[in-house]
$ cat model-v3.csv   # CSV, C-alpha atoms
chain,number,residue,atom,x,y,z
C,1,MET,CA,44.7,83.7,15.6
C,2,PHE,CA,47.3,85.1,18.0
C,3,SER,CA,48.0,81.6,19.3
C,4,ALA,CA,48.6,80.2,15.8
C,5,THR,CA,50.9,83.0,14.9
C,6,ALA,CA,52.8,82.4,18.2
C,7,ASP,CA,53.1,78.7,17.4
C,8,VAL,CA,54.5,79.4,13.9
C,9,GLY,CA,56.9,81.9,15.4
C,10,ALA,CA,58.2,79.4,17.9
C,11,LEU,CA,58.5,76.8,15.1
C,12,GLY,CA,60.5,79.3,13.1
C,13,ALA,CA,62.8,80.1,16.0
C,14,THR,CA,63.4,76.4,16.5
C,15,ALA,CA,64.1,75.9,12.8
C,16,GLN,CA,66.5,78.8,12.7
C,17,THR,CA,68.4,77.4,15.7
C,18,LEU,CA,68.6,74.0,14.0
C,19,GLY,CA,70.0,75.6,10.8
C,20,THR,CA,72.5,77.6,12.8
C,21,LEU,CA,73.7,74.4,14.7
C,22,CYS,CA,74.2,72.6,11.4
C,23,MET,CA,76.3,75.5,10.1
C,24,TRP,CA,78.6,75.4,13.1
C,25,ALA,CA,78.8,71.6,12.8
C,26,ALA,CA,79.9,71.9,9.2
C,27,VAL,CA,82.4,74.7,10.1
C,28,LEU,CA,84.0,72.5,12.7
C,29,LEU,CA,83.9,69.4,10.5
C,30,ARG,CA,85.6,71.0,7.5
C,31,LEU,CA,88.2,73.1,9.5
C,32,PRO,CA,91.0,70.6,9.1
C,33,HIS,CA,90.5,70.4,5.3
C,34,THR,CA,90.6,74.2,4.5
C,35,VAL,CA,94.4,74.4,4.5
C,36,GLY,CA,95.1,73.0,1.0
C,37,SER,CA,92.2,74.5,-1.0
C,38,ARG,CA,91.5,78.1,-1.6
C,39,GLN,CA,88.0,77.5,-2.7
C,40,GLN,CA,87.4,75.4,0.4
C,41,ARG,CA,88.7,78.3,2.5
C,42,GLU,CA,86.4,80.8,0.9
C,43,LEU,CA,83.4,78.6,1.4
C,44,TRP,CA,84.5,77.9,5.0
C,45,LEU,CA,84.8,81.6,5.7
C,46,ALA,CA,81.4,82.3,4.2
C,47,CYS,CA,79.8,79.6,6.3
C,48,LEU,CA,81.6,80.8,9.4
C,49,ALA,CA,80.5,84.4,8.9
C,50,ALA,CA,76.9,83.2,8.1
C,51,ALA,CA,76.9,81.0,11.2
C,52,ALA,CA,78.0,83.9,13.4
C,53,ALA,CA,75.4,86.2,11.9
C,54,ASN,CA,72.6,83.6,12.3
C,55,THR,CA,73.8,83.0,15.9
C,56,LEU,CA,73.6,86.7,16.8
C,57,ASP,CA,70.1,86.8,15.3
C,58,LEU,CA,68.8,84.2,17.7
C,59,ASP,CA,66.5,85.5,20.5
C,60,SER,CA,68.3,83.4,23.2
C,61,VAL,CA,71.7,84.7,22.2
C,62,GLY,CA,70.3,88.3,22.2
C,63,ALA,CA,68.9,87.8,25.7
C,64,LEU,CA,72.3,86.4,27.0
C,65,PHE,CA,74.1,89.3,25.3
C,66,ASP,CA,71.8,91.8,26.9
C,67,ARG,CA,72.2,90.3,30.4
C,68,THR,CA,76.0,90.3,30.0
C,69,PHE,CA,76.7,93.7,28.3
C,70,GLY,CA,73.4,95.6,28.9
C,71,SER,CA,73.1,96.7,25.2
C,72,LEU,CA,72.3,95.0,22.0
C,73,HIS,CA,73.4,97.8,19.7
C,74,SER,CA,76.9,96.5,19.1
C,75,MET,CA,75.7,92.9,18.7
C,76,ASP,CA,73.3,94.0,15.9
C,77,LEU,CA,76.1,95.9,14.2
C,78,ILE,CA,78.5,92.9,14.4
C,79,ARG,CA,75.7,90.6,13.0
C,80,ASN,CA,75.1,92.8,10.0
C,81,ILE,CA,78.9,93.0,9.3
C,82,CYS,CA,79.2,89.2,9.5
C,83,GLY,CA,76.3,88.9,7.1
C,84,ILE,CA,78.0,91.2,4.6
C,85,ILE,CA,81.3,89.3,4.9
C,86,SER,CA,79.5,86.0,4.2
C,87,ALA,CA,77.7,87.4,1.2
C,88,PHE,CA,80.9,88.7,-0.4
C,89,ALA,CA,82.8,85.5,0.4
C,90,LEU,CA,80.2,83.4,-1.4
C,91,LEU,CA,80.2,85.8,-4.3
C,92,GLU,CA,84.0,85.7,-4.6
C,93,LEU,CA,83.8,81.9,-4.4
C,94,VAL,CA,81.4,81.5,-7.3
C,95,LEU,CA,83.1,84.2,-9.4
C,96,SER,CA,86.5,82.5,-8.9
C,97,LEU,CA,85.0,79.5,-10.8
C,98,ASN,CA,85.0,81.5,-14.0
C,99,THR,CA,88.0,81.7,-16.2
C,100,GLY,CA,89.4,84.5,-18.3
C,101,THR,CA,91.7,87.5,-18.2
C,102,ARG,CA,89.2,89.7,-16.5
C,103,ARG,CA,88.7,87.4,-13.5
C,104,ARG,CA,91.6,88.8,-11.5
C,105,ALA,CA,90.5,92.4,-12.0
C,106,LEU,CA,86.9,91.5,-11.1
C,107,LEU,CA,88.0,89.8,-7.9
C,108,VAL,CA,90.1,92.8,-7.0
C,109,TRP,CA,87.2,95.2,-7.4
C,110,LEU,CA,85.0,92.8,-5.5
C,111,ARG,CA,87.3,92.9,-2.5
C,112,VAL,CA,87.5,96.7,-2.7
C,113,ALA,CA,83.7,96.9,-2.6
C,114,ALA,CA,83.6,94.5,0.3
C,115,CYS,CA,86.1,96.6,2.3
C,116,CYS,CA,84.1,99.7,1.5
C,117,VAL,CA,80.8,98.3,2.6
C,118,VAL,CA,82.2,96.7,5.8
C,119,ALA,CA,84.0,99.9,6.7
C,120,GLY,CA,81.0,102.0,5.7
C,121,LEU,CA,78.5,100.3,8.0
C,122,PRO,CA,80.0,101.6,11.3
C,123,ALA,CA,80.4,105.0,9.7
C,124,LEU,CA,76.8,105.2,8.7
C,125,ASP,CA,75.8,103.9,12.1
C,126,ALA,CA,77.8,106.6,13.8
C,127,LEU,CA,76.3,109.4,11.6
C,128,TYR,CA,72.8,109.0,13.2
C,129,GLY,CA,73.9,109.6,16.7
C,130,PRO,CA,72.8,107.4,19.7
C,131,HIS,CA,70.1,104.9,18.9
C,132,GLY,CA,68.8,101.6,20.0
C,133,ARG,CA,68.8,98.2,18.3
C,134,HIS,CA,69.4,97.7,14.6
C,135,LEU,CA,65.9,96.7,13.7
C,136,ILE,CA,63.4,97.2,10.8
C,137,GLN,CA,60.2,97.8,12.8
C,138,ASP,CA,56.8,96.6,11.7
C,139,GLY,CA,54.3,99.1,10.5
C,140,ALA,CA,54.9,102.8,10.2
C,141,THR,CA,57.6,103.0,12.9
C,142,SER,CA,60.9,104.2,11.6
C,143,PRO,CA,63.7,101.7,11.4
C,144,THR,CA,66.8,102.1,13.5
C,145,PRO,CA,69.2,103.2,12.1
C,146,PRO,CA,67.3,105.1,9.4
C,147,ALA,CA,66.6,103.7,5.9
C,148,PRO,CA,69.9,104.6,4.2
C,149,TYR,CA,71.8,102.2,6.5
C,150,TRP,CA,69.4,99.4,5.7
C,151,LEU,CA,69.3,100.1,2.0
C,152,VAL,CA,73.1,99.6,1.8
C,153,ILE,CA,72.8,96.3,3.6
C,154,ILE,CA,69.8,95.0,1.7
C,155,THR,CA,71.0,96.0,-1.8
C,156,THR,CA,74.4,94.5,-1.1
C,157,HIS,CA,72.9,91.2,0.0
C,158,LEU,CA,70.3,91.1,-2.8
C,159,ALA,CA,73.0,91.9,-5.5
C,160,ALA,CA,75.4,89.3,-4.1
C,161,ASN,CA,72.7,86.6,-3.8
C,162,ALA,CA,71.4,87.2,-7.3
C,163,LEU,CA,74.8,86.9,-8.8
C,164,CYS,CA,75.6,83.8,-6.8
C,165,LEU,CA,72.4,82.2,-7.9
C,166,LEU,CA,72.9,83.0,-11.5
C,167,VAL,CA,76.5,81.7,-11.6
C,168,CYS,CA,75.6,78.5,-9.6
C,169,LEU,CA,72.7,77.7,-11.9
C,170,SER,CA,74.6,78.4,-15.1
C,171,ARG,CA,77.6,76.4,-14.1
C,172,GLY,CA,75.7,73.7,-12.3
C,173,ARG,CA,73.7,72.8,-15.4
C,174,HIS,CA,76.7,72.3,-17.6
C,175,CYS,CA,79.1,70.8,-15.1
C,176,ALA,CA,80.2,67.2,-15.8
C,177,ASP,CA,81.4,66.5,-12.3
C,178,ARG,CA,78.5,65.2,-10.2
C,179,SER,CA,79.9,66.3,-6.9
C,180,LEU,CA,80.7,69.8,-8.2
C,181,ARG,CA,77.2,70.1,-9.8
C,182,ALA,CA,75.5,69.1,-6.5
C,183,GLY,CA,77.6,71.6,-4.6
C,184,LEU,CA,76.8,74.4,-7.0
C,185,LEU,CA,73.0,73.6,-6.9
C,186,LEU,CA,73.1,73.4,-3.1
C,187,LEU,CA,75.0,76.7,-2.8
C,188,GLY,CA,72.6,78.4,-5.3
C,189,SER,CA,69.6,77.2,-3.3
C,190,GLY,CA,71.2,78.5,-0.1
C,191,THR,CA,71.8,81.9,-1.5
C,192,ALA,CA,68.2,82.0,-2.9
C,193,MET,CA,66.9,81.4,0.6
C,194,ALA,CA,69.1,84.3,1.8
C,195,GLY,CA,67.6,86.4,-1.0
C,196,VAL,CA,64.1,85.5,0.3
C,197,PHE,CA,65.1,86.8,3.7
C,198,TRP,CA,66.3,90.1,2.4
C,199,LEU,CA,63.4,90.6,0.1
C,200,ASN,CA,61.2,90.3,3.2
C,201,SER,CA,63.4,92.8,5.0
C,202,LEU,CA,63.0,95.2,2.1
C,203,SER,CA,59.2,94.7,2.2
C,204,HIS,CA,59.4,95.6,5.9
C,205,LEU,CA,61.4,98.7,5.2
C,206,LEU,CA,58.7,99.8,2.7
C,207,GLY,CA,56.0,99.3,5.3
C,208,HIS,CA,54.6,95.9,4.3
C,209,THR,CA,54.6,93.4,7.2
C,210,ARG,CA,52.9,90.3,5.8
C,211,GLY,CA,56.0,88.3,5.0
C,212,GLY,CA,57.9,88.7,8.2
C,213,ILE,CA,56.8,85.3,9.6
C,214,ALA,CA,58.7,83.5,6.8
C,215,GLN,CA,62.1,85.1,7.7
C,216,PRO,CA,63.2,82.6,10.3
C,217,PHE,CA,62.3,79.7,8.0
C,218,ALA,CA,64.3,81.3,5.2
C,219,LEU,CA,67.3,81.7,7.5
C,220,ALA,CA,66.9,78.1,8.6
C,221,LEU,CA,66.9,76.8,5.0
C,222,HIS,CA,69.8,79.1,4.2
C,223,GLY,CA,71.8,77.6,7.0
C,224,LEU,CA,71.0,74.0,6.2
C,225,LEU,CA,71.8,74.4,2.5
C,226,ILE,CA,75.1,76.2,3.1
C,227,ALA,CA,76.1,73.6,5.7
C,228,ALA,CA,75.3,70.8,3.3
C,229,THR,CA,77.4,72.5,0.6
C,230,LEU,CA,80.4,72.8,3.0
C,231,ALA,CA,80.0,69.2,4.3
C,232,LEU,CA,79.5,67.8,0.8
C,233,PRO,CA,83.1,66.5,0.4
C,234,THR,CA,83.0,64.8,3.8
C,235,THR,CA,79.6,63.3,2.9
C,236,ALA,CA,80.8,62.0,-0.4
C,237,ALA,CA,83.9,60.5,1.2
C,238,ALA,CA,81.8,58.8,3.8
C,239,HIS,CA,79.5,57.4,1.1
C,240,ARG,CA,82.5,56.0,-0.8
C,241,THR,CA,83.8,54.4,2.4
C,242,LEU,CA,80.5,52.8,3.2
C,243,ARG,CA,80.2,51.5,-0.4
C,244,ASP,CA,83.7,50.0,-0.3
C,245,VAL,CA,82.9,48.4,3.1
C,246,ARG,CA,79.7,47.0,1.7
C,247,ASN,CA,81.3,45.6,-1.4
C,248,TRP,CA,84.2,44.2,0.7
C,249,TRP,CA,81.6,42.3,2.7
C,250,ARG,CA,79.5,41.2,-0.3
C,251,ILE,CA,82.4,39.4,-2.0
C,252,ARG,CA,83.6,37.8,1.3
C,253,PRO,CA,81.9,34.4,0.8
C,254,LEU,CA,83.7,33.8,-2.6
C,255,TRP,CA,87.0,35.2,-1.2
C,256,ARG,CA,86.7,33.0,1.9
C,257,ASP,CA,86.2,29.8,-0.1
C,258,LEU,CA,89.0,30.6,-2.6
C,259,VAL,CA,91.5,31.5,0.2
C,260,GLU,CA,90.7,28.3,2.0
C,261,ALA,CA,91.6,26.3,-1.1
C,262,CYS,CA,94.6,28.6,-2.0
C,263,PRO,CA,95.9,30.1,1.2
C,264,HIS,CA,99.1,31.2,-0.5
C,265,VAL,CA,97.3,34.0,-2.4
C,266,LEU,CA,96.9,36.0,0.8
C,267,LEU,CA,98.9,39.2,0.6
C,268,ILE,CA,98.8,39.6,4.3
C,269,PRO,CA,98.1,36.8,6.8
C,270,ARG,CA,94.6,36.7,8.2
C,271,ARG,CA,94.2,38.1,11.7
C,272,GLY,CA,90.6,37.4,12.4
C,273,ARG,CA,89.7,41.1,13.0
C,274,GLY,CA,88.5,42.0,9.5
C,275,ILE,CA,87.2,45.4,8.7
C,276,LEU,CA,86.9,46.4,12.4
C,277,ARG,CA,90.6,46.7,12.8
C,278,PRO,CA,91.9,47.1,9.2
C,279,LEU,CA,95.4,47.5,7.9
C,280,GLY,CA,94.5,50.3,5.6
C,281,PRO,CA,91.6,52.3,4.2
C,282,PRO,CA,88.5,50.4,2.9
C,283,ARG,CA,89.4,51.1,-0.7
C,284,LEU,CA,92.8,49.4,-0.2
C,285,LEU,CA,91.2,46.5,1.6
C,286,LEU,CA,88.7,46.0,-1.2
C,287,TYR,CA,91.4,46.2,-3.9
C,288,ARG,CA,93.6,43.7,-2.0
C,289,ARG,CA,90.7,41.3,-1.8
C,290,LEU,CA,90.1,41.6,-5.5
C,291,MET,CA,93.7,40.8,-6.2
C,292,GLU,CA,93.6,37.8,-4.0
C,293,ILE,CA,90.6,36.5,-5.8
C,294,ARG,CA,92.3,37.0,-9.1
C,295,ASP,CA,95.4,35.1,-7.9
C,296,ALA,CA,93.2,32.3,-6.7
C,297,ILE,CA,91.4,32.1,-10.1
C,298,LEU,CA,94.9,31.6,-11.7
C,299,THR,CA,95.8,28.9,-9.2
C,300,LEU,CA,92.5,27.0,-9.7
C,301,SER,CA,92.7,27.2,-13.5
C,302,PRO,CA,94.5,23.9,-14.0
C,303,TYR,CA,91.8,22.1,-12.0
C,304,ALA,CA,89.1,23.1,-14.5
C,305,THR,CA,88.6,20.1,-16.9
C,306,THR,CA,87.0,20.1,-20.3
C,307,GLU,CA,83.9,18.4,-18.7
C,308,LEU,CA,83.7,21.2,-16.1
C,309,HIS,CA,83.9,23.9,-18.8
C,310,GLN,CA,81.1,22.2,-20.7
C,311,TYR,CA,79.0,21.9,-17.6
C,312,ALA,CA,79.7,25.6,-16.6
C,313,ARG,CA,78.8,26.7,-20.1
C,314,GLU,CA,75.4,24.9,-20.1
C,315,PHE,CA,74.7,26.3,-16.6
C,316,ALA,CA,75.5,29.8,-17.8
C,317,GLU,CA,73.2,29.5,-20.8
C,318,ASN,CA,70.4,28.5,-18.5
C,319,GLN,CA,71.1,31.4,-16.2
C,320,ASP,CA,71.3,33.8,-19.1
C,321,GLY,CA,67.9,32.7,-20.4
C,322,SER,CA,66.3,33.1,-17.0
C,323,ALA,CA,67.9,36.5,-16.4
C,324,SER,CA,66.1,37.9,-19.4
C,325,THR,CA,62.8,37.1,-17.8
C,326,PRO,CA,62.0,39.0,-14.6
C,327,SER,CA,60.0,36.1,-13.2
C,328,GLY,CA,62.8,33.6,-13.9
C,329,PRO,CA,63.3,30.6,-11.6
C,330,ASP,CA,66.7,31.8,-10.2
C,331,PRO,CA,65.9,33.9,-7.2
C,332,CYS,CA,69.5,35.0,-6.8
C,333,HIS,CA,69.9,36.5,-10.2
C,334,HIS,CA,68.4,39.9,-11.2
C,335,ALA,CA,67.5,41.3,-14.5
C,336,SER,CA,69.9,44.2,-14.0
C,337,ASP,CA,72.7,41.6,-14.3
C,338,ALA,CA,71.5,40.2,-17.6
C,339,ALA,CA,74.3,41.7,-19.6
C,340,GLY,CA,77.0,40.0,-17.5
C,341,ALA,CA,74.9,36.9,-16.6
C,342,PHE,CA,76.7,34.4,-18.9
C,343,PRO,CA,80.4,35.1,-17.9
C,344,ALA,CA,79.5,35.5,-14.2
C,345,ALA,CA,77.5,32.3,-14.0
C,346,GLU,CA,80.2,30.4,-16.0
C,347,LEU,CA,83.0,31.7,-13.8
C,348,ALA,CA,81.0,30.9,-10.6
C,349,VAL,CA,80.5,27.2,-11.6
C,350,LEU,CA,84.1,26.9,-12.8
C,351,LEU,CA,85.4,28.2,-9.5
C,352,LYS,CA,83.1,25.9,-7.5
C,353,GLY,CA,84.1,22.8,-9.4
C,354,ALA,CA,87.8,23.7,-9.5
C,355,ARG,CA,87.9,24.4,-5.8
C,356,ALA,CA,86.2,21.1,-5.0
C,357,ALA,CA,88.7,19.3,-7.2
C,358,ARG,CA,91.7,21.0,-5.4
C,359,MET,CA,90.2,20.4,-2.0
C,360,SER,CA,89.6,16.7,-2.8
C,361,GLY,CA,93.3,16.2,-3.8
C,362,ALA,CA,92.8,16.0,-7.5
C,363,GLU,CA,95.8,16.3,-9.8
C,364,PRO,CA,96.0,19.5,-11.8
C,365,GLN,CA,95.9,19.3,-15.6
C,366,HIS,CA,99.1,19.6,-17.5
C,367,VAL,CA,97.5,21.7,-20.3
C,368,ALA,CA,95.0,23.8,-18.5
C,369,LEU,CA,92.0,25.5,-20.2
C,370,PRO,CA,91.8,29.2,-19.1
C,371,ILE,CA,89.0,30.0,-16.7
C,372,ALA,CA,86.5,32.6,-18.0
C,373,GLN,CA,87.9,36.1,-18.0
C,374,ILE,CA,86.7,38.8,-15.6
C,375,GLY,CA,84.7,41.0,-17.9
C,376,ALA,CA,85.7,44.4,-16.5
C,377,ASP,CA,88.2,47.2,-17.3
C,378,THR,CA,87.8,49.4,-14.1
C,379,LEU,CA,87.8,48.7,-10.4
C,380,PRO,CA,84.1,49.5,-10.0
C,381,GLU,CA,83.2,47.2,-12.9
C,382,GLU,CA,85.3,44.4,-11.6
C,383,THR,CA,83.8,44.7,-8.2
C,384,ALA,CA,80.3,44.6,-9.6
C,385,PHE,CA,81.2,41.6,-11.7
C,386,LEU,CA,82.6,39.7,-8.8
C,387,ILE,CA,79.6,40.5,-6.6
C,388,THR,CA,77.4,38.9,-9.2
C,389,VAL,CA,79.8,35.9,-9.3
C,390,THR,CA,79.6,35.6,-5.6
C,391,ARG,CA,75.8,35.7,-5.6
C,392,ILE,CA,75.6,32.9,-8.2
C,393,TYR,CA,78.4,31.0,-6.6
C,394,ARG,CA,76.6,30.7,-3.3
C,395,SER,CA,73.4,29.2,-4.9
C,396,ALA,CA,74.9,27.2,-7.8
C,397,PRO,CA,75.0,23.4,-7.4
C,398,LEU,CA,78.3,21.6,-7.2
C,399,PRO,CA,79.1,20.1,-10.6
C,400,VAL,CA,78.5,16.4,-10.8
C,401,HIS,CA,80.9,15.8,-13.6
C,402,PRO,CA,84.4,14.5,-12.8
C,403,HIS,CA,86.8,17.4,-12.3
C,404,ALA,CA,90.2,15.8,-12.7
C,405,GLN,CA,92.0,12.6,-12.0
C,406,PRO,CA,92.8,12.0,-8.3
C,407,ARG,CA,96.4,11.9,-7.3
C,408,LYS,CA,98.1,8.4,-7.2

$ encode --input "model-v3.csv" --output "structure tokens"
Amino acid sequence: MFSATADVGALGATAQTLGTLCMWAAVLLRLPHTVGSRQQRELWLACLAAAAANTLDLDSVGALFDRTFGSLHSMDLIRNICGIISAFALLELVLSLNTGTRRRALLVWLRVAACCVVAGLPALDALYGPHGRHLIQDGATSPTPPAPYWLVIITTHLAANALCLLVCLSRGRHCADRSLRAGLLLLGSGTAMAGVFWLNSLSHLLGHTRGGIAQPFALALHGLLIAATLALPTTAAAHRTLRDVRNWWRIRPLWRDLVEACPHVLLIPRRGRGILRPLGPPRLLLYRRLMEIRDAILTLSPYATTELHQYAREFAENQDGSASTPSGPDPCHHASDAAGAFPAAELAVLLKGARAARMSGAEPQHVALPIAQIGADTLPEETAFLITVTRIYRSAPLPVHPHAQPRK
């Protein structure tokens, strides 16, 4: 029994260390981005104070502090003050999301309360004379400092955590912005884990010791969730960058063939280094590639004859019918693309035939039939449409009908 408890305790200490390291990583990661946003600064300050409090709560840090300074009393007091600062910073952050004339007065009173509690902790500590570490002892042993000191800390944390959780849940459920909703739910979950920790501390203060083993895990989850909240903008930006790079690569086969036939559409000459050494952010590179494909489509339009249009329409009809059946014969077409199967398949065959005509030296038509329109109104829709065109283009057979009259 003792061995199992010791193993769980060691696991809890490891989890708490991991959560603390994640908080410090998030603090350092978001430091350059805290200048232009007040809410980001508040969240960053809350994460910084929580990371400092969690760090001072680690046994290894306590042992190092004891060897260096010979007393852990001041470290415990600093840890509790950092925790209070973190709780009030999170509370101010979530309350600042509310609008109304009473918000400014509420924030003023909140800051006054924070200053009173932070200044009152050292005063309460000094009232009880010399004592050892700031601990809530198990069993019947009196805590140090006595209970009033701990009641101020615990009630402050529980009140702040409860308000944060309520505001995050109420705002998160009705928020239309997905990133903001995810951030509020992560922040609410993190404050809930902090509430679990302080509820266990209150149970210890009242003489119950059964929940103490869960406290390191609650702190670990608190650290991970707050760190995830702080790092959410960076994570979302990285996700958008990876998505743009992936889409940039997925339309490359179509872009490469069209640029080969129409090299003049290149906005910037090819350098052969691609995405590894780009001339701009991935979103700009993707947009530039889409514009070059559009220009190539306009250039190839005179090479699409009536026969080619008829062949492309028949091919698209066959593709549209197979797309509606999940087990259709076309392995490159998915049921999720059924809505845009016809225009995408038609455009893919038209581009393949018109490119072949231009590459073979055919004469363009004097009265050109317009190539199928790109069925999209936004950049994500256009990107998805051209990805579907690229997939069909790579597997579609080369039209066998005559494309245009060769040059004399």

$ closest_residue --input "model-v3.csv" --among "C:Pro399, C:Val265, C:Ala237, C:Thr156" --to "C:Glu307" --atoms "all atoms listed in the file"
C:Pro399

$ closest_residue --input "model-v3.csv" --among "C:Leu28, C:Gly62, C:Thr34, C:Cys82" --to "C:Ala49" --atoms "all atoms listed in the file"
C:Cys82

$ residues_around --input "model-v3.csv" --residues "C:Pro282" --least-positions-apart "2" --cutoff "8 Å" --atoms "only C-alpha atoms" --output "ChimeraX atom specification"
/C:241,244-245,248,275,278,280,284-286

$ residues_around --input "model-v3.csv" --residues "C:Leu91" --least-positions-apart "5" --cutoff "10 Å" --atoms "all atoms listed in the file" --output "compact mmCIF listing (two decimals) with C-alpha atoms, in the coordinates of the input"
# COMPACT_ATOMS: atom_id res chain seq x y z
CA GLU C 42 86.40 80.80 0.90
CA LEU C 43 83.40 78.60 1.40
CA ALA C 46 81.40 82.30 4.20
CA ILE C 85 81.30 89.30 4.90
CA SER C 86 79.50 86.00 4.20
CA SER C 96 86.50 82.50 -8.90
CA LEU C 107 88.00 89.80 -7.90
CA LEU C 110 85.00 92.80 -5.50
CA ALA C 159 73.00 91.90 -5.50
CA ALA C 160 75.40 89.30 -4.10
CA ASN C 161 72.70 86.60 -3.80
CA ALA C 162 71.40 87.20 -7.30
CA LEU C 163 74.80 86.90 -8.80
CA CYS C 164 75.60 83.80 -6.80
CA LEU C 165 72.40 82.20 -7.90
CA VAL C 167 76.50 81.70 -11.60
CA THR C 191 71.80 81.90 -1.50

$ closest_residue --input "model-v3.csv" --among "C:Val27, C:Arg250, C:Leu290, C:Thr388" --to "C:Ala51" --atoms "only C-alpha atoms"
C:Val27

$ closest_residue --input "model-v3.csv" --among "C:Leu90, C:Ala304, C:Cys262, C:Leu72" --to "C:Met359" --atoms "only C-alpha atoms"
C:Cys262

$ closest_residue --input "model-v3.csv" --among "C:Met75, C:Leu298, C:Val118, C:Cys22" --to "C:Leu58" --atoms "all atoms listed in the file"
C:Met75

$ closest_residue --input "model-v3.csv" --among "C:Ala345, C:Ala50, C:Cys168, C:His309" --to "C:Ala194" --atoms "all atoms listed in the file"
C:Ala50

$ residues_around --input "model-v3.csv" --residues "C:Leu199" --least-positions-apart "5" --cutoff "12 Å" --atoms "only C-alpha atoms" --output "number ranges by chain"
C: 151, 153-159, 161-162, 192-194, 204-206, 208-212, 214-215, 218

$ atom_distance --input "model-v3.csv" --atom1 "atom CA of C:Val196" --atom2 "atom CA of C:Gly223"
12.9 Å

$ atom_distance --input "model-v3.csv" --atom1 "atom CA of C:Gly172" --atom2 "atom CA of C:Leu95"
13.2 Å

$ atom_distance --input "model-v3.csv" --atom1 "atom CA of C:Thr234" --atom2 "atom CA of C:Ser37"
14.2 Å

$ residues_near_point --input "model-v3.csv" --point "(93.4, 51.5, -7.2)" --cutoff "10 Å" --atoms "all atoms listed in the file" --output "PyMOL selection string"
chain C and resi 283-284+286-288+378-380

$ residues_near_point --input "model-v3.csv" --point "(96.5, 23.6, -9.7)" --cutoff "8 Å" --atoms "only C-alpha atoms" --output "PyMOL selection string"
chain C and resi 299-303+358+363-365

$ decode --input "model-v3.csv" --residues "stretch 165-199 of chain C" --atoms "C-alpha atoms" --output "PDB file, in the first residue's frame"
ATOM      1  CA  LEU C 165     -15.442  29.248 -14.880  1.00  0.00           C
ATOM      2  CA  LEU C 166     -18.949  30.722 -15.044  1.00  0.00           C
ATOM      3  CA  VAL C 167     -17.953  33.536 -17.400  1.00  0.00           C
ATOM      4  CA  CYS C 168     -15.924  31.237 -19.661  1.00  0.00           C
ATOM      5  CA  LEU C 169     -18.731  28.699 -19.955  1.00  0.00           C
ATOM      6  CA  SER C 170     -21.452  31.301 -20.554  1.00  0.00           C
ATOM      7  CA  ARG C 171     -19.423  33.220 -23.144  1.00  0.00           C
ATOM      8  CA  GLY C 172     -17.912  30.129 -24.742  1.00  0.00           C
ATOM      9  CA  ARG C 173     -21.276  28.538 -25.516  1.00  0.00           C
ATOM     10  CA  HIS C 174     -22.558  31.609 -27.379  1.00  0.00           C
ATOM     11  CA  CYS C 175     -19.337  32.706 -29.070  1.00  0.00           C
ATOM     12  CA  ALA C 176     -19.351  32.544 -32.877  1.00  0.00           C
ATOM     13  CA  ASP C 177     -15.560  32.758 -33.241  1.00  0.00           C
ATOM     14  CA  ARG C 178     -14.162  29.233 -33.060  1.00  0.00           C
ATOM     15  CA  SER C 179     -10.726  30.279 -31.790  1.00  0.00           C
ATOM     16  CA  LEU C 180     -12.193  32.479 -29.053  1.00  0.00           C
ATOM     17  CA  ARG C 181     -14.647  29.754 -28.055  1.00  0.00           C
ATOM     18  CA  ALA C 182     -11.830  27.192 -27.807  1.00  0.00           C
ATOM     19  CA  GLY C 183      -9.730  29.625 -25.764  1.00  0.00           C
ATOM     20  CA  LEU C 184     -12.573  30.310 -23.327  1.00  0.00           C
ATOM     21  CA  LEU C 185     -13.304  26.621 -22.847  1.00  0.00           C
ATOM     22  CA  LEU C 186      -9.615  25.849 -22.279  1.00  0.00           C
ATOM     23  CA  LEU C 187      -9.324  28.734 -19.826  1.00  0.00           C
ATOM     24  CA  GLY C 188     -12.462  27.628 -17.984  1.00  0.00           C
ATOM     25  CA  SER C 189     -11.159  24.071 -17.733  1.00  0.00           C
ATOM     26  CA  GLY C 190      -7.827  25.330 -16.399  1.00  0.00           C
ATOM     27  CA  THR C 191      -9.471  27.411 -13.697  1.00  0.00           C
ATOM     28  CA  ALA C 192     -11.676  24.423 -12.812  1.00  0.00           C
ATOM     29  CA  MET C 193      -8.544  22.336 -12.181  1.00  0.00           C
ATOM     30  CA  ALA C 194      -7.194  25.105  -9.962  1.00  0.00           C
ATOM     31  CA  GLY C 195     -10.517  25.029  -8.105  1.00  0.00           C
ATOM     32  CA  VAL C 196     -10.094  21.283  -7.537  1.00  0.00           C
ATOM     33  CA  PHE C 197      -6.669  21.949  -6.026  1.00  0.00           C
ATOM     34  CA  TRP C 198      -7.998  24.573  -3.609  1.00  0.00           C
ATOM     35  CA  LEU C 199     -11.031  22.490  -2.673  1.00  0.00           C
TER      36      LEU C 199
END
